[in-house]
Structures are given as C-alpha cells and as structure tokens.
Amino acid sequence: MTKCSVLIIEDEKNIQTFMGKMLKRHEYRVLYANTGTQGLEVIRSQCPDIILLDLGLPDMNGDDLIREVRTWSSTPIIVISARTAEREKVLALDLGADDYITKPFGTSELLARIRASLRHSNRLRTDSTLYIRPYKHKGMTLDFSKRSLKVNNEDVHLTPIEYKIVAYLAQNSGKVITYSSILSNVWGPYADGDNKILRVNMANIRRKIEDDPAQPKYIFTEVGVGYRMAEDEEK
Ligand code: CA
C-alpha cells in the first residue's frame, strides 16, 4: 500500500514537529516546508496528496499561496488558523481551501479533517456524479439516488431547497462549507449574499432531523463561517 503524503507548510518548528511525528505514527508520509516559496516548490516537485497550510508565513500570505496553487492543482488544502479569525477562514475557504483547523487542536481532530478531505478528493476523482452511495451517520441515512432522507427509520419530508442544502452538506460531510458556497450551490450563482434565508432553512431542517435542535448531532454550526455535517460513517 502506498502511503498518503502530507505536506506541512508551517514556520513554527514546534507545531511542524508535533504534526509531523503524529502523522508518521498514523502511516502518512510527511513533507515539510518552512516558507510559502518552499511550499510551492514541494507541491510542484512532489505532488503531495494533501497540504496543511499555516496562513501566517514569513515570506508570503497563505491566501496568495492558495490562489496560486488553485490555478493548476486541486490537491486538498487544510488551513491551520488562529482562533477567532473567522474572516480569514472564510476567505481561505472561498479561495479554494478545503477545510480549516483552529490552533490549538488535538490529534483526532486533525486526523478526522485529513480523512474527510482525502476521501472527498478521491470521490471526485473516482465516482461519477450520477451515482454516489448513501450518506450514513448514526440514525440518519440519505439516499441520493432516491432523494430520500430517513432519521431513525422514519421518512423525513424536506422541501426541495432543504433537500439541496442537506444533500450538498452530506456530499461534503466532515468538511466545513461556507455560507456563500451553500448559497451559490443551492440558489445559483446570482443568489444574493444574504445568509438569513439560509439560517431560516437551516432552522427548519434542524427541527425535522435533530432530536434537540439546540444540541445538533448531524449538522453543526461553525460560527461566522458556515456549517459542517457529521462525517459519513463509511469504513
Ligand atoms: Ca506562522
């Protein structure tokens, strides 16, 4: 089996070392870059399977690196960001980053983010858009071919808009999806940037699918950024 390679672009040595050791223990091949310039070189020469990117680099803004990489590569990028930097995260995601993780973070959280992003990029490569196997998490099953949603073996009736929102989040399960990405995907490219319509729909969805909408277990709010659906239980 070929190991998946992870490139860590990070100028803080202790974080780099911590992540590198942990990823090696979990059977990843690890590549390092201390600057954005080095990072771009390694991406071009080694084609890593996934990139972990610190936004605050000494020589370059992380956003510029994302913009540059996305002109020629769709390799998943997970941004490592400081707490309370919502606008930074949203910008990075809208530029084409796949997800973010906030410092300080735990091992299992980072591994889950990496798994979700790798799985998503593999799926884009191998699955046709016509057939995607059902999404399953706890009591929820979403069958894309039948457009049916069941929670605890009961059919849940969603409006067409609600279905589109849930299906889009489920197809990207485990990853954060920004408000603007959901708006343009569901309402089309000319959707106005108003999150209110999305929040109203989300409140209705949660009433239908969650036992306790205030303590969701299927769709989580990422404050100031968007929503994240619980990771698909595919093994
Ligand atoms: Ca830094």
# chains A, B, ... in the order shown; residues from 1 in each chain; ligands from 1

$ closest_atom_pairs --of "chain A" --to "ligand 1" --cutoff "12 Å" --atoms "only C-alpha atoms and all ligand atoms" --output "Markdown table"
| residue | atom | partner | partner_atom_place_in_ligand_line | distance |
| --- | --- | --- | --- | --- |
| A:Ile8 | CA | ligand 1 | 1 (Ca) | 11.6 |
| A:Ile9 | CA | ligand 1 | 1 (Ca) | 9.0 |
| A:Glu10 | CA | ligand 1 | 1 (Ca) | 5.9 |
| A:Asp11 | CA | ligand 1 | 1 (Ca) | 5.1 |
| A:Glu12 | CA | ligand 1 | 1 (Ca) | 5.7 |
| A:Lys13 | CA | ligand 1 | 1 (Ca) | 9.4 |
| A:Asn14 | CA | ligand 1 | 1 (Ca) | 10.9 |
| A:Ile15 | CA | ligand 1 | 1 (Ca) | 9.4 |
| A:Gln16 | CA | ligand 1 | 1 (Ca) | 10.1 |
| A:Ala33 | CA | ligand 1 | 1 (Ca) | 11.6 |
| A:Asn34 | CA | ligand 1 | 1 (Ca) | 9.0 |
| A:Thr35 | CA | ligand 1 | 1 (Ca) | 9.1 |
| A:Gly36 | CA | ligand 1 | 1 (Ca) | 10.5 |
| A:Leu53 | CA | ligand 1 | 1 (Ca) | 9.2 |
| A:Asp54 | CA | ligand 1 | 1 (Ca) | 5.7 |
| A:Leu55 | CA | ligand 1 | 1 (Ca) | 6.5 |
| A:Gly56 | CA | ligand 1 | 1 (Ca) | 4.1 |
| A:Leu57 | CA | ligand 1 | 1 (Ca) | 4.9 |
| A:Pro58 | CA | ligand 1 | 1 (Ca) | 7.1 |
| A:Asp59 | CA | ligand 1 | 1 (Ca) | 10.2 |
| A:Met60 | CA | ligand 1 | 1 (Ca) | 10.4 |
| A:Asn61 | CA | ligand 1 | 1 (Ca) | 9.9 |
| A:Gly62 | CA | ligand 1 | 1 (Ca) | 9.5 |
| A:Val79 | CA | ligand 1 | 1 (Ca) | 11.3 |
| A:Ile80 | CA | ligand 1 | 1 (Ca) | 9.0 |
| A:Ser81 | CA | ligand 1 | 1 (Ca) | 8.9 |
| A:Ala82 | CA | ligand 1 | 1 (Ca) | 9.4 |
| A:Lys103 | CA | ligand 1 | 1 (Ca) | 11.0 |

$ write_last_selection --atoms "C-alpha atoms" --output "PDB file, in the first residue's frame"
ATOM      1  CA  ILE A   8       3.104  20.683   6.179  1.00  0.00           C
ATOM      2  CA  ILE A   9       3.730  24.343   5.321  1.00  0.00           C
ATOM      3  CA  GLU A  10       4.409  25.948   8.684  1.00  0.00           C
ATOM      4  CA  ASP A  11       7.155  28.207  10.002  1.00  0.00           C
ATOM      5  CA  GLU A  12       6.687  27.350  13.671  1.00  0.00           C
ATOM      6  CA  LYS A  13       9.087  24.496  14.288  1.00  0.00           C
ATOM      7  CA  ASN A  14       7.342  23.024  17.325  1.00  0.00           C
ATOM      8  CA  ILE A  15       3.975  22.811  15.562  1.00  0.00           C
ATOM      9  CA  GLN A  16       5.651  21.356  12.489  1.00  0.00           C
ATOM     10  CA  ALA A  33       8.218  23.463   4.101  1.00  0.00           C
ATOM     11  CA  ASN A  34       9.067  26.461   6.311  1.00  0.00           C
ATOM     12  CA  THR A  35       8.036  29.150   3.832  1.00  0.00           C
ATOM     13  CA  GLY A  36       5.472  29.675   1.109  1.00  0.00           C
ATOM     14  CA  LEU A  53      -1.107  25.303   5.413  1.00  0.00           C
ATOM     15  CA  ASP A  54      -0.379  27.868   8.091  1.00  0.00           C
ATOM     16  CA  LEU A  55      -1.766  31.204   6.896  1.00  0.00           C
ATOM     17  CA  GLY A  56       0.878  33.325   8.641  1.00  0.00           C
ATOM     18  CA  LEU A  57       4.067  32.578   6.740  1.00  0.00           C
ATOM     19  CA  PRO A  58       7.236  34.696   6.827  1.00  0.00           C
ATOM     20  CA  ASP A  59       7.532  35.318   3.085  1.00  0.00           C
ATOM     21  CA  MET A  60       4.017  35.123   1.758  1.00  0.00           C
ATOM     22  CA  ASN A  61       0.398  35.416   2.735  1.00  0.00           C
ATOM     23  CA  GLY A  62      -1.213  31.953   2.884  1.00  0.00           C
ATOM     24  CA  VAL A  79      -5.712  25.747   6.575  1.00  0.00           C
ATOM     25  CA  ILE A  80      -4.249  25.969  10.064  1.00  0.00           C
ATOM     26  CA  SER A  81      -5.540  29.161  11.573  1.00  0.00           C
ATOM     27  CA  ALA A  82      -5.564  31.132  14.762  1.00  0.00           C
ATOM     28  CA  LYS A 103      -4.944  26.174  16.875  1.00  0.00           C
TER      29      LYS A 103
END

$ residues_around --residues "stretch 221-234 of chain A" --least-positions-apart "3" --cutoff "7 Å" --atoms "only C-alpha atoms" --output "NGL selection string"
:A and (86 or 90 or 135-137 or 169-170 or 173-179 or 218)

$ residues_around --residues "stretch 139-144 of chain A" --least-positions-apart "4" --cutoff "12 Å" --atoms "only C-alpha atoms" --output "PyMOL selection string"
chain A and resi 129-135+148-158+163-164+166-171+173+208-211+217-219+229-234

$ select_by_dssp --residues "stretch 36-224 of chain A" --states "strand (DSSP E or B)" --output "PyMOL selection string"
chain A and resi 50-54+56+61+77-81+99-102+135-137+140-143+148-151+154-155+176-178+219-222

$ residues_around --residues "stretch 37-48 of chain A" --least-positions-apart "6" --cutoff "7 Å" --atoms "only C-alpha atoms" --output "number ranges by chain"
A: 5-7, 9

$ write_last_selection --atoms "N, CA, C and O atoms" --output "short mmCIF file (atom, residue, chain, number, x, y, z; two decimals), in the first residue's frame"
data_model
loop_
_atom_site.label_atom_id
_atom_site.label_comp_id
_atom_site.auth_asym_id
_atom_site.auth_seq_id
_atom_site.Cartn_x
_atom_site.Cartn_y
_atom_site.Cartn_z
N SER A 5 0.79 11.09 1.17
CA SER A 5 1.78 12.09 1.58
C SER A 5 1.10 13.38 1.99
O SER A 5 0.15 13.84 1.36
N VAL A 6 1.61 13.94 3.08
CA VAL A 6 1.08 15.18 3.63
C VAL A 6 2.19 16.22 3.63
O VAL A 6 3.27 15.96 4.15
N LEU A 7 1.93 17.36 3.03
CA LEU A 7 2.90 18.46 3.10
C LEU A 7 2.47 19.44 4.18
O LEU A 7 1.34 19.92 4.17
N ILE A 9 3.10 23.04 5.57
CA ILE A 9 3.73 24.34 5.32
C ILE A 9 3.51 25.18 6.57
O ILE A 9 2.39 25.63 6.84
#

$ select_by_dssp --residues "stretch 12-227 of chain A" --states "helix (DSSP H, G or I)" --output "PyMOL selection string"
chain A and resi 13-25+36-46+62-69+86-95+107-126+160-171+179-187+196-209

$ residues_around --residues "stretch 106-122 of chain A" --least-positions-apart "2" --cutoff "9 Å" --atoms "only C-alpha atoms" --output "number ranges by chain"
A: 19, 22-23, 26, 49-50, 52, 74-78, 98-101, 103-104, 124-127, 171-175, 231-232

$ atom_distance --atom1 "atom CA of A:Lys3" --atom2 "atom CA of A:Tyr28"
5.6 Å

$ decode --residues "stretch 61-111 of chain A" --atoms "N, CA and C atoms" --output "compact mmCIF listing (two decimals), in the first residue's frame"
# COMPACT_ATOMS: atom_id res chain seq x y z
N ASN A 61 1.69 35.60 2.11
CA ASN A 61 0.40 35.42 2.73
C ASN A 61 -0.16 34.05 2.28
N GLY A 62 -0.69 33.27 3.24
CA GLY A 62 -1.21 31.95 2.88
C GLY A 62 -2.29 32.02 1.81
N ASP A 63 -3.08 33.10 1.82
CA ASP A 63 -4.13 33.25 0.80
C ASP A 63 -3.55 33.28 -0.60
N ASP A 64 -2.40 33.97 -0.73
CA ASP A 64 -1.78 34.06 -2.06
C ASP A 64 -1.31 32.69 -2.52
N LEU A 65 -0.85 31.90 -1.55
CA LEU A 65 -0.41 30.55 -1.91
C LEU A 65 -1.60 29.71 -2.40
N ILE A 66 -2.74 29.82 -1.70
CA ILE A 66 -3.93 29.06 -2.12
C ILE A 66 -4.34 29.48 -3.53
N ARG A 67 -4.37 30.80 -3.76
CA ARG A 67 -4.77 31.33 -5.06
C ARG A 67 -3.88 30.76 -6.16
N GLU A 68 -2.58 30.78 -5.89
CA GLU A 68 -1.59 30.30 -6.85
C GLU A 68 -1.78 28.79 -7.12
N VAL A 69 -1.85 28.01 -6.04
CA VAL A 69 -1.97 26.55 -6.20
C VAL A 69 -3.25 26.19 -6.97
N ARG A 70 -4.32 26.90 -6.69
CA ARG A 70 -5.60 26.56 -7.33
C ARG A 70 -5.63 26.89 -8.82
N THR A 71 -4.64 27.59 -9.34
CA THR A 71 -4.62 27.81 -10.79
C THR A 71 -4.19 26.54 -11.52
N TRP A 72 -3.54 25.59 -10.82
CA TRP A 72 -3.09 24.38 -11.51
C TRP A 72 -3.28 23.09 -10.75
N SER A 73 -3.76 23.11 -9.52
CA SER A 73 -3.89 21.88 -8.75
C SER A 73 -5.14 21.88 -7.89
N SER A 74 -5.77 20.70 -7.75
CA SER A 74 -6.93 20.60 -6.87
C SER A 74 -6.62 19.81 -5.61
N THR A 75 -5.33 19.61 -5.34
CA THR A 75 -4.92 18.93 -4.10
C THR A 75 -5.59 19.57 -2.90
N PRO A 76 -6.19 18.74 -2.02
CA PRO A 76 -6.86 19.35 -0.87
C PRO A 76 -5.92 20.16 0.02
N ILE A 77 -6.41 21.30 0.46
CA ILE A 77 -5.64 22.19 1.35
C ILE A 77 -6.44 22.38 2.64
N ILE A 78 -5.81 22.08 3.77
CA ILE A 78 -6.42 22.37 5.07
C ILE A 78 -5.65 23.51 5.70
N VAL A 79 -6.34 24.57 6.01
CA VAL A 79 -5.71 25.75 6.58
C VAL A 79 -5.60 25.60 8.09
N ILE A 80 -4.44 25.96 8.62
CA ILE A 80 -4.25 25.97 10.06
C ILE A 80 -4.33 27.42 10.49
N SER A 81 -5.35 27.74 11.31
CA SER A 81 -5.54 29.16 11.57
C SER A 81 -5.64 29.44 13.06
N ALA A 82 -5.45 30.70 13.38
CA ALA A 82 -5.56 31.13 14.76
C ALA A 82 -7.04 31.20 15.14
N ARG A 83 -7.28 31.09 16.41
CA ARG A 83 -8.63 31.22 16.92
C ARG A 83 -9.20 32.60 16.57
N THR A 84 -10.51 32.69 16.49
CA THR A 84 -11.22 33.96 16.28
C THR A 84 -10.85 34.69 14.99
N ALA A 85 -10.36 33.96 14.01
CA ALA A 85 -10.05 34.64 12.75
C ALA A 85 -11.05 34.20 11.68
N GLU A 86 -12.35 34.40 11.98
CA GLU A 86 -13.40 33.92 11.07
C GLU A 86 -13.26 34.45 9.64
N ARG A 87 -12.98 35.74 9.54
CA ARG A 87 -12.93 36.32 8.19
C ARG A 87 -11.80 35.71 7.37
N GLU A 88 -10.68 35.46 8.05
CA GLU A 88 -9.54 34.82 7.41
C GLU A 88 -9.91 33.43 6.90
N LYS A 89 -10.63 32.68 7.76
CA LYS A 89 -11.02 31.32 7.39
C LYS A 89 -11.96 31.34 6.19
N VAL A 90 -12.95 32.24 6.24
CA VAL A 90 -13.93 32.31 5.15
C VAL A 90 -13.23 32.65 3.84
N LEU A 91 -12.31 33.61 3.88
CA LEU A 91 -11.60 34.00 2.67
C LEU A 91 -10.80 32.81 2.13
N ALA A 92 -10.08 32.12 3.02
CA ALA A 92 -9.27 30.97 2.58
C ALA A 92 -10.15 29.89 1.95
N LEU A 93 -11.30 29.63 2.56
CA LEU A 93 -12.21 28.61 2.03
C LEU A 93 -12.77 29.04 0.68
N ASP A 94 -13.14 30.31 0.58
CA ASP A 94 -13.71 30.78 -0.68
C ASP A 94 -12.67 30.84 -1.79
N LEU A 95 -11.39 30.94 -1.42
CA LEU A 95 -10.33 30.91 -2.43
C LEU A 95 -10.03 29.49 -2.89
N GLY A 96 -10.57 28.50 -2.17
CA GLY A 96 -10.37 27.12 -2.63
C GLY A 96 -9.75 26.19 -1.61
N ALA A 97 -9.50 26.67 -0.37
CA ALA A 97 -9.08 25.74 0.67
C ALA A 97 -10.24 24.79 0.94
N ASP A 98 -9.94 23.57 1.39
CA ASP A 98 -10.99 22.57 1.59
C ASP A 98 -11.56 22.59 3.00
N ASP A 99 -10.73 23.02 3.95
CA ASP A 99 -11.19 22.99 5.33
C ASP A 99 -10.20 23.79 6.16
N TYR A 100 -10.49 23.93 7.45
CA TYR A 100 -9.53 24.58 8.32
C TYR A 100 -9.54 23.89 9.67
N ILE A 101 -8.48 24.11 10.41
CA ILE A 101 -8.43 23.61 11.77
C ILE A 101 -7.84 24.73 12.61
N THR A 102 -8.39 24.90 13.80
CA THR A 102 -8.01 26.05 14.61
C THR A 102 -7.01 25.64 15.70
N LYS A 103 -5.93 26.42 15.81
CA LYS A 103 -4.94 26.17 16.87
C LYS A 103 -5.53 26.59 18.22
N PRO A 104 -5.30 25.90 19.32
CA PRO A 104 -4.63 24.60 19.36
C PRO A 104 -5.63 23.49 19.03
N PHE A 105 -5.15 22.44 18.38
CA PHE A 105 -6.07 21.37 18.00
C PHE A 105 -5.52 20.03 18.49
N GLY A 106 -6.39 19.06 18.58
CA GLY A 106 -5.99 17.73 19.03
C GLY A 106 -5.73 16.81 17.86
N THR A 107 -5.06 15.72 18.17
CA THR A 107 -4.69 14.72 17.17
C THR A 107 -5.89 14.17 16.42
N SER A 108 -6.92 13.77 17.17
CA SER A 108 -8.05 13.11 16.49
C SER A 108 -8.78 14.09 15.58
N GLU A 109 -8.81 15.35 15.99
CA GLU A 109 -9.48 16.37 15.16
C GLU A 109 -8.73 16.54 13.84
N LEU A 110 -7.41 16.66 13.92
CA LEU A 110 -6.61 16.84 12.70
C LEU A 110 -6.74 15.61 11.79
N LEU A 111 -6.67 14.42 12.37
CA LEU A 111 -6.79 13.20 11.56
C LEU A 111 -8.15 13.12 10.88
